[in-house]
Amino acid sequence: MYNSNLVLEGGALRGIFTSGLLDFFMEQNIEFSNITGVSAGSFNAIDYLSNQIGRTKTCVMAEGKDDNCVSYKDFFTKKQLIDFDKTFLTFSNERYLFNYENYFKSDMKLEIVATNCLTGKPKYLVPTTNDEIMLYCRASCSMPMFVNMVNIEGTPYLDGGISAAIPVEYIMEKNFDKNVFILTRQKGFRKPMPRIPAIRLLHIMYENYPELFHALRTANKRYNMILDYIDKLEEEGKIFVIRPTEKPVSHFEKNPDKLNAFYEHGYNTAKKEYSRLIEYLEK
């Protein structure tokens with residue numbers, strides 16, 4: 001095991017790139033002392049700790065008639081587009097069983113990033129029970145507008161990517177020998193300003209959560225500053241970054257061929273970067 005931190009960015013179904021990459025890591029028995037998962041990155045992370053090769057991909061690409069987690073009917077009846085009861089309860093405990101025993105046997109430690117809706121700030125959650133694994137991961141993955149807030153000990157939470165899409169400053173303050181970042185967008189990407197109609201809709205939806213609204217409204221600016229900082233640290237050799245070199249899939253990509261291709265891109269990218277990564281970790 002390397003005394004290193006592995007940071008996993010989210011991005012909804014773009015996270016299948018990370019799934020392929022981590023499956024290769026598991027095949028090679030690569031372990032990091034600490035993992036920080038944001039949004040879809042946290043979903044990948046829990047399967048990494050449970051050492052279940054292929055599970056994340058299976059869940060993302062589930063094709064059974066009862067496995068579709070996106071429901072436009074639910075959007076009107078339950079005010080959420082994605083059925084996370086299915087993702088984090090049915091899948092984990094009935095259909096695509098999650099190995100809780102393996103998770104807690106792992107020597108790797110996981111921090112799951114979620115956004116406190118009252119403060120607009122990130123919260124770094126460490127699961128200690130079976131239920132907390134799924135609850136914290138659900139909170140971290142709960143995209144604004146599409147999924148309802150998740151209550152944790154009386155506090156509402158949403159997607160960790162709102163407040164800490166890539167928590168680079170938080171990580172760099174820790175005393176790890178090395179830091180590896182897995183991103184889900186190509187080098188050079190910068191997020192555009194949100195459109196006025198989207199801002200207005202967010203204001204209507206979250207008018208009772210002013211700090212959350214502020215975090216959402218300024219997320220693109222902070223994200224671009226983070227990417228500038230990551231580029232600088234990478235150029236200085238202080239961190240190791242793996243990112244796709246091909247165009248990512250969309251947030252809610254449905255085409256299984258495109259999803260599988262992006263998964264394979266992640267797997268092959270990990271294989272390509274393997275020697276350079278090990279050299280960095282052992283330097």
# chains A, B, ... in the order shown; residues from 1 in each chain; ligands from 1

$ residues_around --residues "range 94-99 of chain A" --least-positions-apart "5" --cutoff "8 Å" --atoms "only C-alpha atoms" --output "list in words"
Asp47, Ser50, Gln52, Arg55, Thr58, Cys59 and Leu89 of chain A

$ residues_around --residues "Arg14 in chain A" --least-positions-apart "4" --cutoff "9 Å" --atoms "only C-alpha atoms" --output "list in words"
Gly10, Thr18, Ala40, Thr184, Arg185, Pro248, Val249, Ser250, His251, Phe252, Glu253, Leu259, Phe262 and Tyr263 of chain A

$ write_last_selection --atoms "C-alpha atoms" --output "PDB file, in the first residue's frame"
ATOM      1  CA  GLY A  10     -17.558  12.869 -10.140  1.00  0.00           C
ATOM      2  CA  THR A  18     -13.078   5.923 -13.444  1.00  0.00           C
ATOM      3  CA  ALA A  40     -19.929   9.514  -8.803  1.00  0.00           C
ATOM      4  CA  THR A 184     -13.373  12.773 -15.861  1.00  0.00           C
ATOM      5  CA  ARG A 185     -12.889  15.588 -18.374  1.00  0.00           C
ATOM      6  CA  PRO A 248     -16.454  12.045 -22.368  1.00  0.00           C
ATOM      7  CA  VAL A 249     -19.973  10.691 -22.445  1.00  0.00           C
ATOM      8  CA  SER A 250     -22.792  13.001 -21.377  1.00  0.00           C
ATOM      9  CA  HIS A 251     -24.133  13.250 -17.811  1.00  0.00           C
ATOM     10  CA  PHE A 252     -27.105  10.972 -18.575  1.00  0.00           C
ATOM     11  CA  GLU A 253     -25.760   8.927 -21.478  1.00  0.00           C
ATOM     12  CA  LEU A 259     -20.788   3.879 -22.040  1.00  0.00           C
ATOM     13  CA  PHE A 262     -15.725   5.157 -22.223  1.00  0.00           C
ATOM     14  CA  TYR A 263     -15.286   2.420 -19.610  1.00  0.00           C
TER      15      TYR A 263
END

$ residues_around --residues "range 110-113 of chain A" --least-positions-apart "4" --cutoff "6 Å" --atoms "only C-alpha atoms" --output "PyMOL selection string"
chain A and resi 34-38+42+123-126+140+160

$ write_last_selection --atoms "all heavy atoms" --output "PDB file, in the first residue's frame"
ATOM      1  N   ASN A  34      -5.438   6.465   1.472  1.00  0.00           N
ATOM      2  CA  ASN A  34      -6.649   7.272   1.644  1.00  0.00           C
ATOM      3  C   ASN A  34      -7.294   7.546   0.297  1.00  0.00           C
ATOM      4  O   ASN A  34      -6.619   7.819  -0.695  1.00  0.00           O
ATOM      5  CB  ASN A  34      -6.317   8.600   2.329  1.00  0.00           C
ATOM      6  CG  ASN A  34      -7.550   9.280   2.892  1.00  0.00           C
ATOM      7  OD1 ASN A  34      -8.071   8.875   3.923  1.00  0.00           O
ATOM      8  ND2 ASN A  34      -8.035  10.311   2.214  1.00  0.00           N
ATOM      9  N   ILE A  35      -8.613   7.466   0.265  1.00  0.00           N
ATOM     10  CA  ILE A  35      -9.383   7.761  -0.942  1.00  0.00           C
ATOM     11  C   ILE A  35     -10.338   8.904  -0.619  1.00  0.00           C
ATOM     12  O   ILE A  35     -10.960   8.920   0.446  1.00  0.00           O
ATOM     13  CB  ILE A  35     -10.211   6.549  -1.425  1.00  0.00           C
ATOM     14  CG1 ILE A  35      -9.419   5.248  -1.334  1.00  0.00           C
ATOM     15  CG2 ILE A  35     -10.768   6.791  -2.822  1.00  0.00           C
ATOM     16  CD1 ILE A  35      -8.270   5.137  -2.275  1.00  0.00           C
ATOM     17  N   THR A  36     -10.453   9.847  -1.536  1.00  0.00           N
ATOM     18  CA  THR A  36     -11.442  10.911  -1.400  1.00  0.00           C
ATOM     19  C   THR A  36     -12.344  10.858  -2.621  1.00  0.00           C
ATOM     20  O   THR A  36     -11.881  11.054  -3.751  1.00  0.00           O
ATOM     21  CB  THR A  36     -10.771  12.295  -1.305  1.00  0.00           C
ATOM     22  OG1 THR A  36      -9.807  12.278  -0.253  1.00  0.00           O
ATOM     23  CG2 THR A  36     -11.801  13.371  -1.018  1.00  0.00           C
ATOM     24  N   GLY A  37     -13.630  10.554  -2.404  1.00  0.00           N
ATOM     25  CA  GLY A  37     -14.559  10.399  -3.514  1.00  0.00           C
ATOM     26  C   GLY A  37     -15.614  11.482  -3.526  1.00  0.00           C
ATOM     27  O   GLY A  37     -16.216  11.783  -2.500  1.00  0.00           O
ATOM     28  N   VAL A  38     -15.821  12.070  -4.688  1.00  0.00           N
ATOM     29  CA  VAL A  38     -16.825  13.122  -4.853  1.00  0.00           C
ATOM     30  C   VAL A  38     -17.888  12.653  -5.835  1.00  0.00           C
ATOM     31  O   VAL A  38     -17.571  12.233  -6.946  1.00  0.00           O
ATOM     32  CB  VAL A  38     -16.192  14.423  -5.385  1.00  0.00           C
ATOM     33  CG1 VAL A  38     -17.239  15.529  -5.485  1.00  0.00           C
ATOM     34  CG2 VAL A  38     -15.025  14.868  -4.513  1.00  0.00           C
ATOM     35  N   SER A  42     -17.440   8.836  -5.467  1.00  0.00           N
ATOM     36  CA  SER A  42     -17.650   8.097  -4.220  1.00  0.00           C
ATOM     37  C   SER A  42     -18.273   6.730  -4.499  1.00  0.00           C
ATOM     38  O   SER A  42     -17.984   5.757  -3.804  1.00  0.00           O
ATOM     39  CB  SER A  42     -18.529   8.902  -3.258  1.00  0.00           C
ATOM     40  OG  SER A  42     -19.855   9.008  -3.724  1.00  0.00           O
ATOM     41  N   LYS A 123     -18.641  18.669   3.301  1.00  0.00           N
ATOM     42  CA  LYS A 123     -18.511  17.853   4.500  1.00  0.00           C
ATOM     43  C   LYS A 123     -17.828  16.553   4.090  1.00  0.00           C
ATOM     44  O   LYS A 123     -18.226  15.897   3.122  1.00  0.00           O
ATOM     45  CB  LYS A 123     -19.889  17.555   5.098  1.00  0.00           C
ATOM     46  CG  LYS A 123     -19.874  16.682   6.329  1.00  0.00           C
ATOM     47  CD  LYS A 123     -19.371  17.419   7.546  1.00  0.00           C
ATOM     48  CE  LYS A 123     -19.537  16.577   8.818  1.00  0.00           C
ATOM     49  NZ  LYS A 123     -19.035  17.281  10.017  1.00  0.00           N
ATOM     50  N   TYR A 124     -16.787  16.191   4.842  1.00  0.00           N
ATOM     51  CA  TYR A 124     -16.031  14.981   4.537  1.00  0.00           C
ATOM     52  C   TYR A 124     -16.487  13.876   5.482  1.00  0.00           C
ATOM     53  O   TYR A 124     -16.198  13.903   6.678  1.00  0.00           O
ATOM     54  CB  TYR A 124     -14.534  15.258   4.647  1.00  0.00           C
ATOM     55  CG  TYR A 124     -14.085  16.277   3.618  1.00  0.00           C
ATOM     56  CD1 TYR A 124     -14.179  17.643   3.878  1.00  0.00           C
ATOM     57  CD2 TYR A 124     -13.625  15.863   2.373  1.00  0.00           C
ATOM     58  CE1 TYR A 124     -13.805  18.581   2.916  1.00  0.00           C
ATOM     59  CE2 TYR A 124     -13.245  16.789   1.411  1.00  0.00           C
ATOM     60  CZ  TYR A 124     -13.339  18.147   1.691  1.00  0.00           C
ATOM     61  OH  TYR A 124     -12.977  19.070   0.744  1.00  0.00           O
ATOM     62  N   LEU A 125     -17.234  12.931   4.940  1.00  0.00           N
ATOM     63  CA  LEU A 125     -17.920  11.911   5.721  1.00  0.00           C
ATOM     64  C   LEU A 125     -17.158  10.586   5.665  1.00  0.00           C
ATOM     65  O   LEU A 125     -16.731  10.145   4.595  1.00  0.00           O
ATOM     66  CB  LEU A 125     -19.337  11.711   5.184  1.00  0.00           C
ATOM     67  CG  LEU A 125     -20.227  12.962   5.177  1.00  0.00           C
ATOM     68  CD1 LEU A 125     -21.406  12.773   4.239  1.00  0.00           C
ATOM     69  CD2 LEU A 125     -20.702  13.286   6.586  1.00  0.00           C
ATOM     70  N   VAL A 126     -17.025   9.955   6.829  1.00  0.00           N
ATOM     71  CA  VAL A 126     -16.331   8.671   6.915  1.00  0.00           C
ATOM     72  C   VAL A 126     -17.311   7.611   7.420  1.00  0.00           C
ATOM     73  O   VAL A 126     -17.715   7.635   8.588  1.00  0.00           O
ATOM     74  CB  VAL A 126     -15.119   8.754   7.865  1.00  0.00           C
ATOM     75  CG1 VAL A 126     -14.431   7.396   7.971  1.00  0.00           C
ATOM     76  CG2 VAL A 126     -14.138   9.825   7.394  1.00  0.00           C
ATOM     77  N   SER A 140     -23.588  12.257  -1.503  1.00  0.00           N
ATOM     78  CA  SER A 140     -22.533  12.775  -2.361  1.00  0.00           C
ATOM     79  C   SER A 140     -22.943  12.798  -3.827  1.00  0.00           C
ATOM     80  O   SER A 140     -22.504  13.658  -4.592  1.00  0.00           O
ATOM     81  CB  SER A 140     -21.263  11.932  -2.197  1.00  0.00           C
ATOM     82  OG  SER A 140     -20.213  12.438  -2.965  1.00  0.00           O
ATOM     83  N   GLY A 160     -21.578  16.439  -3.587  1.00  0.00           N
ATOM     84  CA  GLY A 160     -20.315  17.001  -3.139  1.00  0.00           C
ATOM     85  C   GLY A 160     -19.658  17.893  -4.168  1.00  0.00           C
ATOM     86  O   GLY A 160     -18.865  18.786  -3.832  1.00  0.00           O
TER      87      GLY A 160
END

$ closest_residue --among "A:Arg190, A:Lys272, A:Arg200, A:His265" --to "Met225 in chain A" --atoms "only C-alpha atoms"
A:Arg190

$ residues_around --residues "Ala261 in chain A" --least-positions-apart "2" --cutoff "12 Å" --atoms "only C-alpha atoms" --output "list in words"
Arg14, Ile16, Phe17, Ser19, Gly20, Lys57, Met61, Pro244, Glu246, Lys247, Pro248, Val249, Glu253, Asn255, Pro256, Asp257, Lys258, Leu259, Tyr263, Glu264, His265, Gly266, Tyr267, Asn268 and Thr269 of chain A

$ select_by_dssp --residues "range 42-189 of chain A" --states "alpha helix (DSSP H)" --output "number ranges by chain"
A: 42-49, 55-60, 72-77, 84-85, 100-105, 130-141, 161-164, 168-172

$ closest_residue --among "A:Ile152, A:Ala12, A:Leu183, A:Met172" --to "Arg243 in chain A" --atoms "only C-alpha atoms"
A:Leu183

$ residues_around --residues "Thr218 in chain A" --least-positions-apart "3" --cutoff "10 Å" --atoms "only C-alpha atoms" --output "tab-separated table (two decimals) with N, CA, C and O atoms, in the first residue's frame"
chain	number	residue	atom	x	y	z
A	162	ILE	N	-20.88	20.25	-5.78
A	162	ILE	CA	-21.33	21.64	-5.69
A	162	ILE	C	-20.29	22.49	-4.98
A	162	ILE	O	-19.95	23.59	-5.42
A	163	SER	N	-19.76	21.99	-3.90
A	163	SER	CA	-18.86	22.76	-3.05
A	163	SER	C	-17.40	22.37	-3.19
A	163	SER	O	-16.50	23.17	-2.90
A	193	MET	N	-20.13	29.72	-17.97
A	193	MET	CA	-21.05	30.37	-17.02
A	193	MET	C	-22.43	29.74	-17.14
A	193	MET	O	-22.87	29.42	-18.24
A	194	PRO	N	-23.13	29.56	-16.01
A	194	PRO	CA	-24.50	29.05	-16.10
A	194	PRO	C	-25.41	30.06	-16.78
A	194	PRO	O	-25.22	31.27	-16.64
A	213	PHE	N	-27.51	28.09	-2.72
A	213	PHE	CA	-27.72	28.77	-3.99
A	213	PHE	C	-26.45	29.52	-4.42
A	213	PHE	O	-26.06	29.49	-5.59
A	214	HIS	N	-25.82	30.18	-3.46
A	214	HIS	CA	-24.58	30.90	-3.78
A	214	HIS	C	-23.51	29.93	-4.27
A	214	HIS	O	-22.78	30.24	-5.25
A	215	ALA	N	-23.40	28.79	-3.63
A	215	ALA	CA	-22.41	27.78	-4.04
A	215	ALA	C	-22.71	27.28	-5.45
A	215	ALA	O	-21.79	27.08	-6.27
A	221	LYS	N	-17.06	29.05	-11.66
A	221	LYS	CA	-15.88	29.88	-11.44
A	221	LYS	C	-14.87	29.18	-10.54
A	221	LYS	O	-13.66	29.14	-10.82
A	222	ARG	N	-15.38	28.57	-9.44
A	222	ARG	CA	-14.49	27.87	-8.52
A	222	ARG	C	-13.89	26.63	-9.18
A	222	ARG	O	-12.72	26.31	-8.98
A	223	TYR	N	-14.69	25.94	-9.98
A	223	TYR	CA	-14.21	24.73	-10.67
A	223	TYR	C	-13.06	25.08	-11.61
A	223	TYR	O	-12.04	24.38	-11.66

$ closest_residue --among "A:Tyr274, A:Tyr103, A:Tyr136, A:Tyr2" --to "Met149 in chain A" --atoms "only C-alpha atoms"
A:Tyr136

$ residues_around --residues "Leu201 in chain A" --least-positions-apart "3" --cutoff "12 Å" --atoms "only C-alpha atoms" --output "compact mmCIF listing (two decimals) with C-alpha atoms, in the first residue's frame"
# COMPACT_ATOMS: atom_id res chain seq x y z
CA PRO A 144 -29.23 19.39 -7.54
CA MET A 145 -32.51 19.76 -9.45
CA PRO A 194 -24.50 29.05 -16.10
CA ARG A 195 -27.30 30.47 -18.21
CA ILE A 196 -29.72 32.94 -16.69
CA PRO A 197 -32.78 30.62 -16.94
CA ALA A 198 -30.85 27.93 -15.04
CA ILE A 204 -36.70 29.18 -7.13
CA MET A 205 -35.83 25.64 -6.04
CA TYR A 206 -33.37 26.62 -3.31
CA GLU A 207 -34.58 30.05 -2.18
CA PHE A 213 -27.72 28.77 -3.99
CA LEU A 216 -24.37 26.62 -7.09
CA ARG A 217 -24.25 30.01 -8.78

$ closest_residue --among "A:Gly237, A:Pro127, A:Gly161, A:Gly120" --to "Cys141 in chain A" --atoms "only C-alpha atoms"
A:Gly161

$ decode --residues "range 216-229 of chain A" --atoms "all heavy atoms" --output "JSON list (two decimals), in the first residue's frame"
[["chain", "number", "residue", "atom", "x", "y", "z"],
["A", 216, "LEU", "N", -23.98, 27.08, -5.76],
["A", 216, "LEU", "CA", -24.37, 26.62, -7.09],
["A", 216, "LEU", "C", -24.10, 27.68, -8.15],
["A", 216, "LEU", "O", -23.60, 27.39, -9.24],
["A", 216, "LEU", "CB", -25.86, 26.25, -7.10],
["A", 216, "LEU", "CG", -26.23, 24.94, -6.40],
["A", 216, "LEU", "CD1", -27.73, 24.91, -6.10],
["A", 216, "LEU", "CD2", -25.83, 23.75, -7.27],
["A", 217, "ARG", "N", -24.40, 28.91, -7.83],
["A", 217, "ARG", "CA", -24.25, 30.01, -8.78],
["A", 217, "ARG", "C", -22.78, 30.27, -9.11],
["A", 217, "ARG", "O", -22.45, 30.70, -10.22],
["A", 217, "ARG", "CB", -24.89, 31.28, -8.21],
["A", 217, "ARG", "CG", -24.98, 32.43, -9.19],
["A", 217, "ARG", "CD", -25.63, 33.63, -8.54],
["A", 217, "ARG", "NE", -24.85, 34.10, -7.40],
["A", 217, "ARG", "CZ", -25.23, 35.13, -6.62],
["A", 217, "ARG", "NH1", -26.38, 35.73, -6.83],
["A", 217, "ARG", "NH2", -24.46, 35.50, -5.61],
["A", 218, "THR", "N", -21.89, 30.00, -8.17],
["A", 218, "THR", "CA", -20.47, 30.29, -8.37],
["A", 218, "THR", "C", -19.64, 29.03, -8.64],
["A", 218, "THR", "O", -18.41, 29.10, -8.70],
["A", 218, "THR", "CB", -19.90, 31.01, -7.14],
["A", 218, "THR", "OG1", -20.07, 30.17, -5.97],
["A", 218, "THR", "CG2", -20.61, 32.34, -6.91],
["A", 219, "ALA", "N", -20.30, 27.89, -8.80],
["A", 219, "ALA", "CA", -19.58, 26.61, -8.93],
["A", 219, "ALA", "C", -18.65, 26.59, -10.14],
["A", 219, "ALA", "O", -17.54, 26.07, -10.06],
["A", 219, "ALA", "CB", -20.58, 25.46, -9.00],
["A", 220, "ASN", "N", -19.10, 27.15, -11.25],
["A", 220, "ASN", "CA", -18.26, 27.10, -12.46],
["A", 220, "ASN", "C", -16.96, 27.89, -12.28],
["A", 220, "ASN", "O", -15.89, 27.45, -12.69],
["A", 220, "ASN", "CB", -19.04, 27.61, -13.67],
["A", 220, "ASN", "CG", -19.26, 29.12, -13.63],
["A", 220, "ASN", "OD1", -19.93, 29.61, -12.72],
["A", 220, "ASN", "ND2", -18.70, 29.84, -14.58],
["A", 221, "LYS", "N", -17.06, 29.05, -11.66],
["A", 221, "LYS", "CA", -15.88, 29.88, -11.44],
["A", 221, "LYS", "C", -14.87, 29.18, -10.54],
["A", 221, "LYS", "O", -13.66, 29.14, -10.82],
["A", 221, "LYS", "CB", -16.27, 31.23, -10.84],
["A", 221, "LYS", "CG", -15.13, 32.18, -10.62],
["A", 221, "LYS", "CD", -15.62, 33.51, -10.06],
["A", 221, "LYS", "CE", -14.47, 34.48, -9.84],
["A", 221, "LYS", "NZ", -14.94, 35.78, -9.30],
["A", 222, "ARG", "N", -15.38, 28.57, -9.44],
["A", 222, "ARG", "CA", -14.49, 27.87, -8.52],
["A", 222, "ARG", "C", -13.89, 26.63, -9.18],
["A", 222, "ARG", "O", -12.72, 26.31, -8.98],
["A", 222, "ARG", "CB", -15.25, 27.50, -7.25],
["A", 222, "ARG", "CG", -15.53, 28.70, -6.35],
["A", 222, "ARG", "CD", -16.27, 28.33, -5.08],
["A", 222, "ARG", "NE", -17.67, 28.03, -5.33],
["A", 222, "ARG", "CZ", -18.20, 26.84, -5.33],
["A", 222, "ARG", "NH1", -17.45, 25.78, -5.08],
["A", 222, "ARG", "NH2", -19.50, 26.67, -5.56],
["A", 223, "TYR", "N", -14.69, 25.94, -9.98],
["A", 223, "TYR", "CA", -14.21, 24.73, -10.67],
["A", 223, "TYR", "C", -13.06, 25.08, -11.61],
["A", 223, "TYR", "O", -12.04, 24.38, -11.66],
["A", 223, "TYR", "CB", -15.36, 24.10, -11.44],
["A", 223, "TYR", "CG", -15.02, 22.80, -12.14],
["A", 223, "TYR", "CD1", -14.79, 21.64, -11.41],
["A", 223, "TYR", "CD2", -14.95, 22.73, -13.52],
["A", 223, "TYR", "CE1", -14.49, 20.44, -12.04],
["A", 223, "TYR", "CE2", -14.65, 21.54, -14.17],
["A", 223, "TYR", "CZ", -14.42, 20.40, -13.42],
["A", 223, "TYR", "OH", -14.11, 19.21, -14.06],
["A", 224, "ASN", "N", -13.20, 26.16, -12.35],
["A", 224, "ASN", "CA", -12.16, 26.56, -13.30],
["A", 224, "ASN", "C", -10.88, 26.98, -12.58],
["A", 224, "ASN", "O", -9.77, 26.71, -13.05],
["A", 224, "ASN", "CB", -12.66, 27.68, -14.20],
["A", 224, "ASN", "CG", -13.77, 27.20, -15.13],
["A", 224, "ASN", "OD1", -13.91, 26.00, -15.37],
["A", 224, "ASN", "ND2", -14.56, 28.12, -15.65],
["A", 225, "MET", "N", -11.02, 27.64, -11.43],
["A", 225, "MET", "CA", -9.85, 28.00, -10.63],
["A", 225, "MET", "C", -9.14, 26.75, -10.11],
["A", 225, "MET", "O", -7.90, 26.69, -10.08],
["A", 225, "MET", "CB", -10.26, 28.91, -9.48],
["A", 225, "MET", "CG", -10.72, 30.29, -9.90],
["A", 225, "MET", "SD", -11.37, 31.28, -8.53],
["A", 225, "MET", "CE", -9.89, 31.43, -7.51],
["A", 226, "ILE", "N", -9.93, 25.75, -9.72],
["A", 226, "ILE", "CA", -9.36, 24.48, -9.26],
["A", 226, "ILE", "C", -8.56, 23.81, -10.38],
["A", 226, "ILE", "O", -7.45, 23.32, -10.17],
["A", 226, "ILE", "CB", -10.48, 23.54, -8.76],
["A", 226, "ILE", "CG1", -11.03, 24.03, -7.42],
["A", 226, "ILE", "CG2", -9.96, 22.11, -8.62],
["A", 226, "ILE", "CD1", -12.30, 23.32, -7.00],
["A", 227, "LEU", "N", -9.13, 23.81, -11.59],
["A", 227, "LEU", "CA", -8.43, 23.18, -12.71],
["A", 227, "LEU", "C", -7.14, 23.93, -13.04],
["A", 227, "LEU", "O", -6.13, 23.30, -13.39],
["A", 227, "LEU", "CB", -9.35, 23.15, -13.94],
["A", 227, "LEU", "CG", -10.52, 22.17, -13.86],
["A", 227, "LEU", "CD1", -11.40, 22.29, -15.10],
["A", 227, "LEU", "CD2", -10.06, 20.74, -13.68],
["A", 228, "ASP", "N", -7.15, 25.25, -12.92],
["A", 228, "ASP", "CA", -5.91, 26.02, -13.12],
["A", 228, "ASP", "C", -4.85, 25.60, -12.09],
["A", 228, "ASP", "O", -3.67, 25.43, -12.43],
["A", 228, "ASP", "CB", -6.18, 27.52, -12.98],
["A", 228, "ASP", "CG", -7.00, 28.07, -14.15],
["A", 228, "ASP", "OD1", -7.06, 27.42, -15.20],
["A", 228, "ASP", "OD2", -7.58, 29.17, -13.99],
["A", 229, "TYR", "N", -5.28, 25.44, -10.86],
["A", 229, "TYR", "CA", -4.36, 25.05, -9.78],
["A", 229, "TYR", "C", -3.83, 23.64, -10.00],
["A", 229, "TYR", "O", -2.63, 23.36, -9.81],
["A", 229, "TYR", "CB", -5.09, 25.16, -8.44],
["A", 229, "TYR", "CG", -4.24, 24.91, -7.22],
["A", 229, "TYR", "CD1", -2.93, 25.36, -7.13],
["A", 229, "TYR", "CD2", -4.76, 24.21, -6.12],
["A", 229, "TYR", "CE1", -2.16, 25.14, -6.00],
["A", 229, "TYR", "CE2", -4.00, 23.99, -4.99],
["A", 229, "TYR", "CZ", -2.70, 24.45, -4.94],
["A", 229, "TYR", "OH", -1.93, 24.22, -3.82]]
